[in-house]
Amino acid sequence: MVQKKGVTIVIPTKNEAEGLEQIIQSVRKYAEEIIVVDGHSADDTGEICRRNKVRYILDHGKGRGDGVRLGITEAKNNLVVLFDADGSHEASDIPKFIAELKKGADLVIGSRRLGGSFDLNMDFAGILRSGGSDFLAYLVNKRFGTKLSDVLYSFRAVRKSSALKMGFTSNDFGIEQEMVVKCLKNGYKLIEIP
């Protein structure tokens, strides 16, 4: 049986209503609370949330990082999983993230390089993005003496109490890098899993 008590899943989204209902249903059994943080979508995201009885919050219109921070702040539980609405994550992996938090990790990041992701594209833009991700991982590893393989992937889990102490400020897609760097810089425990 899945232990969902004490777990909040935050789904930042913008104009991704097409698959949102399926995402909500796929994560429901893993969390006591689901929060959809909407970046002011022009679709029926709000109606889907109401119909599925999940918390629906509008972000401040500043970008993905703003939505992630707002979701963490609004979570009623200390164990928070960040899950994208685009269908690139596997809900069945959620217990692995939660298990690492329960063992003492402050931040658990998923790695596309270690397997399990459908988020790697082999077109030109995908290859360019992958190379940039590898370069950022190299820089983080060089600076902090770590062996991380993927510092950008958005599938992750964090202790709310630790996140609030780290004080994330990024409003855009830089939130993932900021989480990793602030965690390492301030001596919090970071774990990477496939």
# chains A, B, ... in the order shown; residues from 1 in each chain; ligands from 1
>>> residues_around(residues="stretch 46-58 of chain A", least_positions_apart="4", cutoff="9 Å", atoms="only C-alpha atoms", output="mmCIF file with all heavy atoms, in the first residue's frame")
data_model
loop_
_atom_site.group_PDB
_atom_site.id
_atom_site.type_symbol
_atom_site.label_atom_id
_atom_site.label_comp_id
_atom_site.auth_asym_id
_atom_site.auth_seq_id
_atom_site.Cartn_x
_atom_site.Cartn_y
_atom_site.Cartn_z
ATOM 1 N N ALA A 17 -3.828 21.876 -20.435
ATOM 2 C CA ALA A 17 -5.064 21.227 -20.005
ATOM 3 C C ALA A 17 -5.310 19.902 -20.699
ATOM 4 O O ALA A 17 -5.930 19.005 -20.123
ATOM 5 C CB ALA A 17 -6.259 22.156 -20.242
ATOM 6 N N LEU A 20 -3.882 17.261 -18.506
ATOM 7 C CA LEU A 20 -3.858 17.534 -17.071
ATOM 8 C C LEU A 20 -4.710 16.557 -16.255
ATOM 9 O O LEU A 20 -4.282 16.090 -15.200
ATOM 10 C CB LEU A 20 -4.289 18.974 -16.794
ATOM 11 C CG LEU A 20 -4.217 19.427 -15.338
ATOM 12 C CD1 LEU A 20 -2.792 19.300 -14.787
ATOM 13 C CD2 LEU A 20 -4.715 20.866 -15.207
ATOM 14 N N GLU A 21 -5.883 16.241 -16.742
ATOM 15 C CA GLU A 21 -6.752 15.337 -15.988
ATOM 16 C C GLU A 21 -6.088 13.968 -15.802
ATOM 17 O O GLU A 21 -6.111 13.386 -14.719
ATOM 18 C CB GLU A 21 -8.105 15.185 -16.682
ATOM 19 C CG GLU A 21 -9.108 14.460 -15.832
ATOM 20 C CD GLU A 21 -10.533 14.797 -16.236
ATOM 21 O OE1 GLU A 21 -10.762 15.355 -17.323
ATOM 22 O OE2 GLU A 21 -11.424 14.511 -15.424
ATOM 23 N N ILE A 24 -3.341 14.321 -13.157
ATOM 24 C CA ILE A 24 -3.921 14.369 -11.809
ATOM 25 C C ILE A 24 -4.312 12.965 -11.352
ATOM 26 O O ILE A 24 -4.009 12.555 -10.226
ATOM 27 C CB ILE A 24 -5.127 15.333 -11.766
ATOM 28 C CG1 ILE A 24 -4.650 16.782 -11.917
ATOM 29 C CG2 ILE A 24 -5.912 15.149 -10.462
ATOM 30 C CD1 ILE A 24 -5.770 17.784 -12.167
ATOM 31 N N GLN A 25 -4.983 12.225 -12.214
ATOM 32 C CA GLN A 25 -5.398 10.868 -11.848
ATOM 33 C C GLN A 25 -4.201 9.959 -11.595
ATOM 34 O O GLN A 25 -4.237 9.113 -10.705
ATOM 35 C CB GLN A 25 -6.316 10.276 -12.921
ATOM 36 C CG GLN A 25 -7.646 10.993 -13.056
ATOM 37 C CD GLN A 25 -8.406 11.108 -11.748
ATOM 38 O OE1 GLN A 25 -8.452 10.178 -10.956
ATOM 39 N NE2 GLN A 25 -8.980 12.278 -11.502
ATOM 40 N N GLU A 33 -2.338 15.580 -0.792
ATOM 41 C CA GLU A 33 -2.754 16.873 -1.350
ATOM 42 C C GLU A 33 -2.140 17.042 -2.735
ATOM 43 O O GLU A 33 -0.972 16.725 -2.939
ATOM 44 C CB GLU A 33 -2.277 17.999 -0.437
ATOM 45 C CG GLU A 33 -2.540 19.388 -0.971
ATOM 46 C CD GLU A 33 -1.923 20.488 -0.098
ATOM 47 O OE1 GLU A 33 -0.754 20.354 0.319
ATOM 48 O OE2 GLU A 33 -2.627 21.475 0.140
ATOM 49 N N ILE A 34 -2.928 17.561 -3.670
ATOM 50 C CA ILE A 34 -2.434 17.926 -5.002
ATOM 51 C C ILE A 34 -2.742 19.401 -5.216
ATOM 52 O O ILE A 34 -3.877 19.838 -5.020
ATOM 53 C CB ILE A 34 -3.096 17.084 -6.110
ATOM 54 C CG1 ILE A 34 -2.784 15.598 -5.918
ATOM 55 C CG2 ILE A 34 -2.641 17.556 -7.497
ATOM 56 C CD1 ILE A 34 -3.578 14.684 -6.836
ATOM 57 N N ILE A 35 -1.724 20.141 -5.618
ATOM 58 C CA ILE A 35 -1.887 21.561 -5.920
ATOM 59 C C ILE A 35 -1.478 21.792 -7.374
ATOM 60 O O ILE A 35 -0.362 21.448 -7.773
ATOM 61 C CB ILE A 35 -1.005 22.451 -5.019
ATOM 62 C CG1 ILE A 35 -1.317 22.239 -3.541
ATOM 63 C CG2 ILE A 35 -1.164 23.924 -5.407
ATOM 64 C CD1 ILE A 35 -0.361 22.976 -2.597
ATOM 65 N N VAL A 36 -2.364 22.359 -8.158
ATOM 66 C CA VAL A 36 -2.028 22.794 -9.508
ATOM 67 C C VAL A 36 -1.807 24.299 -9.441
ATOM 68 O O VAL A 36 -2.698 25.049 -9.043
ATOM 69 C CB VAL A 36 -3.142 22.442 -10.516
ATOM 70 C CG1 VAL A 36 -2.843 23.052 -11.884
ATOM 71 C CG2 VAL A 36 -3.292 20.926 -10.622
ATOM 72 N N VAL A 37 -0.591 24.718 -9.797
ATOM 73 C CA VAL A 37 -0.266 26.147 -9.826
ATOM 74 C C VAL A 37 -0.276 26.573 -11.285
ATOM 75 O O VAL A 37 0.557 26.140 -12.079
ATOM 76 C CB VAL A 37 1.097 26.440 -9.175
ATOM 77 C CG1 VAL A 37 1.349 27.945 -9.156
ATOM 78 C CG2 VAL A 37 1.175 25.866 -7.767
ATOM 79 N N ASP A 38 -1.226 27.405 -11.622
ATOM 80 C CA ASP A 38 -1.483 27.784 -13.008
ATOM 81 C C ASP A 38 -0.835 29.123 -13.353
ATOM 82 O O ASP A 38 -1.029 30.119 -12.661
ATOM 83 C CB ASP A 38 -3.001 27.856 -13.212
ATOM 84 C CG ASP A 38 -3.407 28.108 -14.647
ATOM 85 O OD1 ASP A 38 -2.533 28.061 -15.542
ATOM 86 O OD2 ASP A 38 -4.601 28.347 -14.879
ATOM 87 N N GLY A 39 -0.094 29.117 -14.448
ATOM 88 C CA GLY A 39 0.546 30.332 -14.950
ATOM 89 C C GLY A 39 -0.375 31.141 -15.839
ATOM 90 O O GLY A 39 0.043 31.627 -16.880
ATOM 91 N N HIS A 40 -1.644 31.275 -15.428
ATOM 92 C CA HIS A 40 -2.641 32.070 -16.152
ATOM 93 C C HIS A 40 -2.915 31.479 -17.538
ATOM 94 O O HIS A 40 -2.818 32.160 -18.560
ATOM 95 C CB HIS A 40 -2.221 33.534 -16.230
ATOM 96 C CG HIS A 40 -2.058 34.157 -14.881
ATOM 97 N ND1 HIS A 40 -3.038 34.911 -14.289
ATOM 98 C CD2 HIS A 40 -1.042 34.091 -13.979
ATOM 99 C CE1 HIS A 40 -2.627 35.298 -13.092
ATOM 100 N NE2 HIS A 40 -1.422 34.797 -12.876
ATOM 101 N N SER A 41 -3.272 30.212 -17.548
ATOM 102 C CA SER A 41 -3.567 29.497 -18.791
ATOM 103 C C SER A 41 -4.773 30.085 -19.506
ATOM 104 O O SER A 41 -5.687 30.608 -18.884
ATOM 105 C CB SER A 41 -3.852 28.021 -18.487
ATOM 106 O OG SER A 41 -2.706 27.388 -17.974
ATOM 107 N N GLY A 67 5.832 29.843 -9.934
ATOM 108 C CA GLY A 67 4.832 28.803 -9.691
ATOM 109 C C GLY A 67 5.350 27.708 -8.771
ATOM 110 O O GLY A 67 4.640 27.236 -7.882
ATOM 111 N N LEU A 70 5.594 29.153 -5.201
ATOM 112 C CA LEU A 70 4.257 29.323 -4.649
ATOM 113 C C LEU A 70 3.675 27.969 -4.233
ATOM 114 O O LEU A 70 3.094 27.840 -3.150
ATOM 115 C CB LEU A 70 3.346 30.017 -5.665
ATOM 116 C CG LEU A 70 1.923 30.323 -5.208
ATOM 117 C CD1 LEU A 70 1.926 31.220 -3.978
ATOM 118 C CD2 LEU A 70 1.138 30.965 -6.356
ATOM 119 N N GLY A 71 3.850 26.958 -5.071
ATOM 120 C CA GLY A 71 3.352 25.627 -4.738
ATOM 121 C C GLY A 71 3.989 25.069 -3.481
ATOM 122 O O GLY A 71 3.309 24.501 -2.618
#
>>> residues_around(residues="stretch 153-167 of chain A", least_positions_apart="6", cutoff="6 Å", atoms="only C-alpha atoms", output="list of chain:residue names")
A:Asn78, A:Leu79, A:Val80, A:Val81, A:Leu82, A:Phe83, A:Asp106, A:Leu107, A:Val108, A:Ile109, A:Gly110
>>> write_last_selection(atoms="N, CA and C atoms", output="compact mmCIF listing (two decimals), in the first residue's frame")
# COMPACT_ATOMS: atom_id res chain seq x y z
N ASN A 78 5.11 18.64 4.52
CA ASN A 78 6.54 18.94 4.44
C ASN A 78 7.21 18.22 3.27
N LEU A 79 6.64 17.12 2.79
CA LEU A 79 7.23 16.38 1.68
C LEU A 79 6.51 16.79 0.41
N VAL A 80 7.24 17.45 -0.49
CA VAL A 80 6.64 18.05 -1.69
C VAL A 80 7.30 17.48 -2.94
N VAL A 81 6.48 16.94 -3.83
CA VAL A 81 6.96 16.43 -5.11
C VAL A 81 6.55 17.42 -6.19
N LEU A 82 7.51 17.79 -7.04
CA LEU A 82 7.24 18.68 -8.18
C LEU A 82 7.07 17.80 -9.41
N PHE A 83 5.91 17.90 -10.06
CA PHE A 83 5.55 16.99 -11.14
C PHE A 83 5.01 17.81 -12.30
N ASP A 106 17.16 16.40 1.70
CA ASP A 106 16.43 17.67 1.65
C ASP A 106 15.89 17.93 0.26
N LEU A 107 16.64 17.47 -0.75
CA LEU A 107 16.25 17.65 -2.14
C LEU A 107 16.60 16.37 -2.89
N VAL A 108 15.63 15.84 -3.63
CA VAL A 108 15.85 14.66 -4.46
C VAL A 108 15.58 15.08 -5.89
N ILE A 109 16.59 14.91 -6.75
CA ILE A 109 16.42 15.30 -8.14
C ILE A 109 16.43 14.06 -9.03
N GLY A 110 15.54 14.06 -10.01
CA GLY A 110 15.52 12.99 -10.99
C GLY A 110 16.55 13.27 -12.07
>>> residues_around(residues="A:Gly19", least_positions_apart="3", cutoff="8 Å", atoms="only C-alpha atoms", output="PyMOL selection string")
chain A and resi 16+22-23+85-87
>>> select_by_dssp(residues="chain A", states="strand (DSSP E)", output="PyMOL selection string")
chain A and resi 7-13+33-38+55-58+79-82+107-110+156-159+190-193
>>> write_last_selection(atoms="N, CA, C and O atoms", output="short mmCIF file (atom, residue, chain, number, x, y, z; two decimals), in the first residue's frame")
data_model
loop_
_atom_site.label_atom_id
_atom_site.label_comp_id
_atom_site.auth_asym_id
_atom_site.auth_seq_id
_atom_site.Cartn_x
_atom_site.Cartn_y
_atom_site.Cartn_z
N VAL A 7 2.30 13.95 2.13
CA VAL A 7 2.88 14.25 0.82
C VAL A 7 1.97 15.20 0.04
O VAL A 7 0.76 14.98 -0.05
N THR A 8 2.57 16.24 -0.51
CA THR A 8 1.88 17.16 -1.42
C THR A 8 2.55 17.05 -2.78
O THR A 8 3.78 17.05 -2.87
N ILE A 9 1.76 16.97 -3.83
CA ILE A 9 2.29 17.03 -5.19
C ILE A 9 1.90 18.37 -5.78
O ILE A 9 0.73 18.76 -5.77
N VAL A 10 2.91 19.09 -6.28
CA VAL A 10 2.71 20.40 -6.91
C VAL A 10 2.90 20.22 -8.41
O VAL A 10 3.92 19.70 -8.86
N ILE A 11 1.91 20.66 -9.17
CA ILE A 11 1.95 20.58 -10.63
C ILE A 11 1.91 21.99 -11.20
O ILE A 11 0.84 22.59 -11.31
N PRO A 12 3.08 22.57 -11.54
CA PRO A 12 3.07 23.87 -12.20
C PRO A 12 2.63 23.66 -13.66
O PRO A 12 3.05 22.71 -14.31
N THR A 13 1.78 24.53 -14.16
CA THR A 13 1.27 24.34 -15.52
C THR A 13 0.94 25.67 -16.18
O THR A 13 0.67 26.66 -15.51
N GLU A 33 -2.34 15.58 -0.79
CA GLU A 33 -2.75 16.87 -1.35
C GLU A 33 -2.14 17.04 -2.74
O GLU A 33 -0.97 16.73 -2.94
N ILE A 34 -2.93 17.56 -3.67
CA ILE A 34 -2.43 17.93 -5.00
C ILE A 34 -2.74 19.40 -5.22
O ILE A 34 -3.88 19.84 -5.02
N ILE A 35 -1.72 20.14 -5.62
CA ILE A 35 -1.89 21.56 -5.92
C ILE A 35 -1.48 21.79 -7.37
O ILE A 35 -0.36 21.45 -7.77
N VAL A 36 -2.36 22.36 -8.16
CA VAL A 36 -2.03 22.79 -9.51
C VAL A 36 -1.81 24.30 -9.44
O VAL A 36 -2.70 25.05 -9.04
N VAL A 37 -0.59 24.72 -9.80
CA VAL A 37 -0.27 26.15 -9.83
C VAL A 37 -0.28 26.57 -11.29
O VAL A 37 0.56 26.14 -12.08
N ASP A 38 -1.23 27.40 -11.62
CA ASP A 38 -1.48 27.78 -13.01
C ASP A 38 -0.84 29.12 -13.35
O ASP A 38 -1.03 30.12 -12.66
N ARG A 55 -6.52 21.37 -5.36
CA ARG A 55 -6.31 22.80 -5.13
C ARG A 55 -5.81 23.46 -6.41
O ARG A 55 -4.93 22.94 -7.09
N TYR A 56 -6.38 24.61 -6.70
CA TYR A 56 -6.03 25.37 -7.90
C TYR A 56 -5.60 26.76 -7.46
O TYR A 56 -6.36 27.47 -6.79
N ILE A 57 -4.38 27.13 -7.82
CA ILE A 57 -3.83 28.43 -7.43
C ILE A 57 -3.26 29.11 -8.67
O ILE A 57 -2.52 28.47 -9.44
N LEU A 58 -3.56 30.37 -8.85
CA LEU A 58 -2.92 31.15 -9.91
C LEU A 58 -1.59 31.69 -9.37
O LEU A 58 -1.53 32.21 -8.26
N LEU A 79 6.64 17.12 2.79
CA LEU A 79 7.23 16.38 1.68
C LEU A 79 6.51 16.79 0.41
O LEU A 79 5.31 16.54 0.24
N VAL A 80 7.24 17.45 -0.49
CA VAL A 80 6.64 18.05 -1.69
C VAL A 80 7.30 17.48 -2.94
O VAL A 80 8.52 17.54 -3.08
N VAL A 81 6.48 16.94 -3.83
CA VAL A 81 6.96 16.43 -5.11
C VAL A 81 6.55 17.42 -6.19
O VAL A 81 5.39 17.83 -6.25
N LEU A 82 7.51 17.79 -7.04
CA LEU A 82 7.24 18.68 -8.18
C LEU A 82 7.07 17.80 -9.41
O LEU A 82 7.98 17.03 -9.76
N LEU A 107 16.64 17.47 -0.75
CA LEU A 107 16.25 17.65 -2.14
C LEU A 107 16.60 16.37 -2.89
O LEU A 107 17.72 15.86 -2.77
N VAL A 108 15.63 15.84 -3.63
CA VAL A 108 15.85 14.66 -4.46
C VAL A 108 15.58 15.08 -5.89
O VAL A 108 14.49 15.57 -6.20
N ILE A 109 16.59 14.91 -6.75
CA ILE A 109 16.42 15.30 -8.14
C ILE A 109 16.43 14.06 -9.03
O ILE A 109 17.21 13.13 -8.82
N GLY A 110 15.54 14.06 -10.01
CA GLY A 110 15.52 12.99 -10.99
C GLY A 110 16.55 13.27 -12.07
O GLY A 110 16.84 14.42 -12.38
N ARG A 156 11.36 16.33 -9.28
CA ARG A 156 12.13 16.37 -8.04
C ARG A 156 11.21 16.45 -6.84
O ARG A 156 10.03 16.70 -6.97
N ALA A 157 11.80 16.26 -5.68
CA ALA A 157 11.05 16.36 -4.43
C ALA A 157 11.91 17.12 -3.43
O ALA A 157 13.14 17.03 -3.45
N VAL A 158 11.24 17.84 -2.55
CA VAL A 158 11.96 18.68 -1.59
C VAL A 158 11.21 18.72 -0.27
O VAL A 158 9.98 18.60 -0.24
N ARG A 159 11.96 18.87 0.80
CA ARG A 159 11.33 19.14 2.09
C ARG A 159 10.93 20.61 2.10
O ARG A 159 11.77 21.48 1.87
N LEU A 190 21.48 16.44 -0.80
CA LEU A 190 20.90 16.29 -2.14
C LEU A 190 21.18 14.88 -2.62
O LEU A 190 22.31 14.40 -2.54
N ILE A 191 20.16 14.23 -3.14
CA ILE A 191 20.27 12.88 -3.70
C ILE A 191 19.76 12.93 -5.14
O ILE A 191 18.77 13.59 -5.43
N GLU A 192 20.45 12.22 -6.04
CA GLU A 192 20.01 12.11 -7.42
C GLU A 192 19.61 10.65 -7.67
O GLU A 192 20.32 9.73 -7.31
N ILE A 193 18.44 10.48 -8.31
CA ILE A 193 17.96 9.14 -8.63
C ILE A 193 17.49 9.09 -10.08
O ILE A 193 17.19 10.12 -10.68
#
>>> closest_residue(among="A:Asp43, A:Val27, A:Ser149, A:Lys76", to="A:Ser92", atoms="only C-alpha atoms")
A:Val27
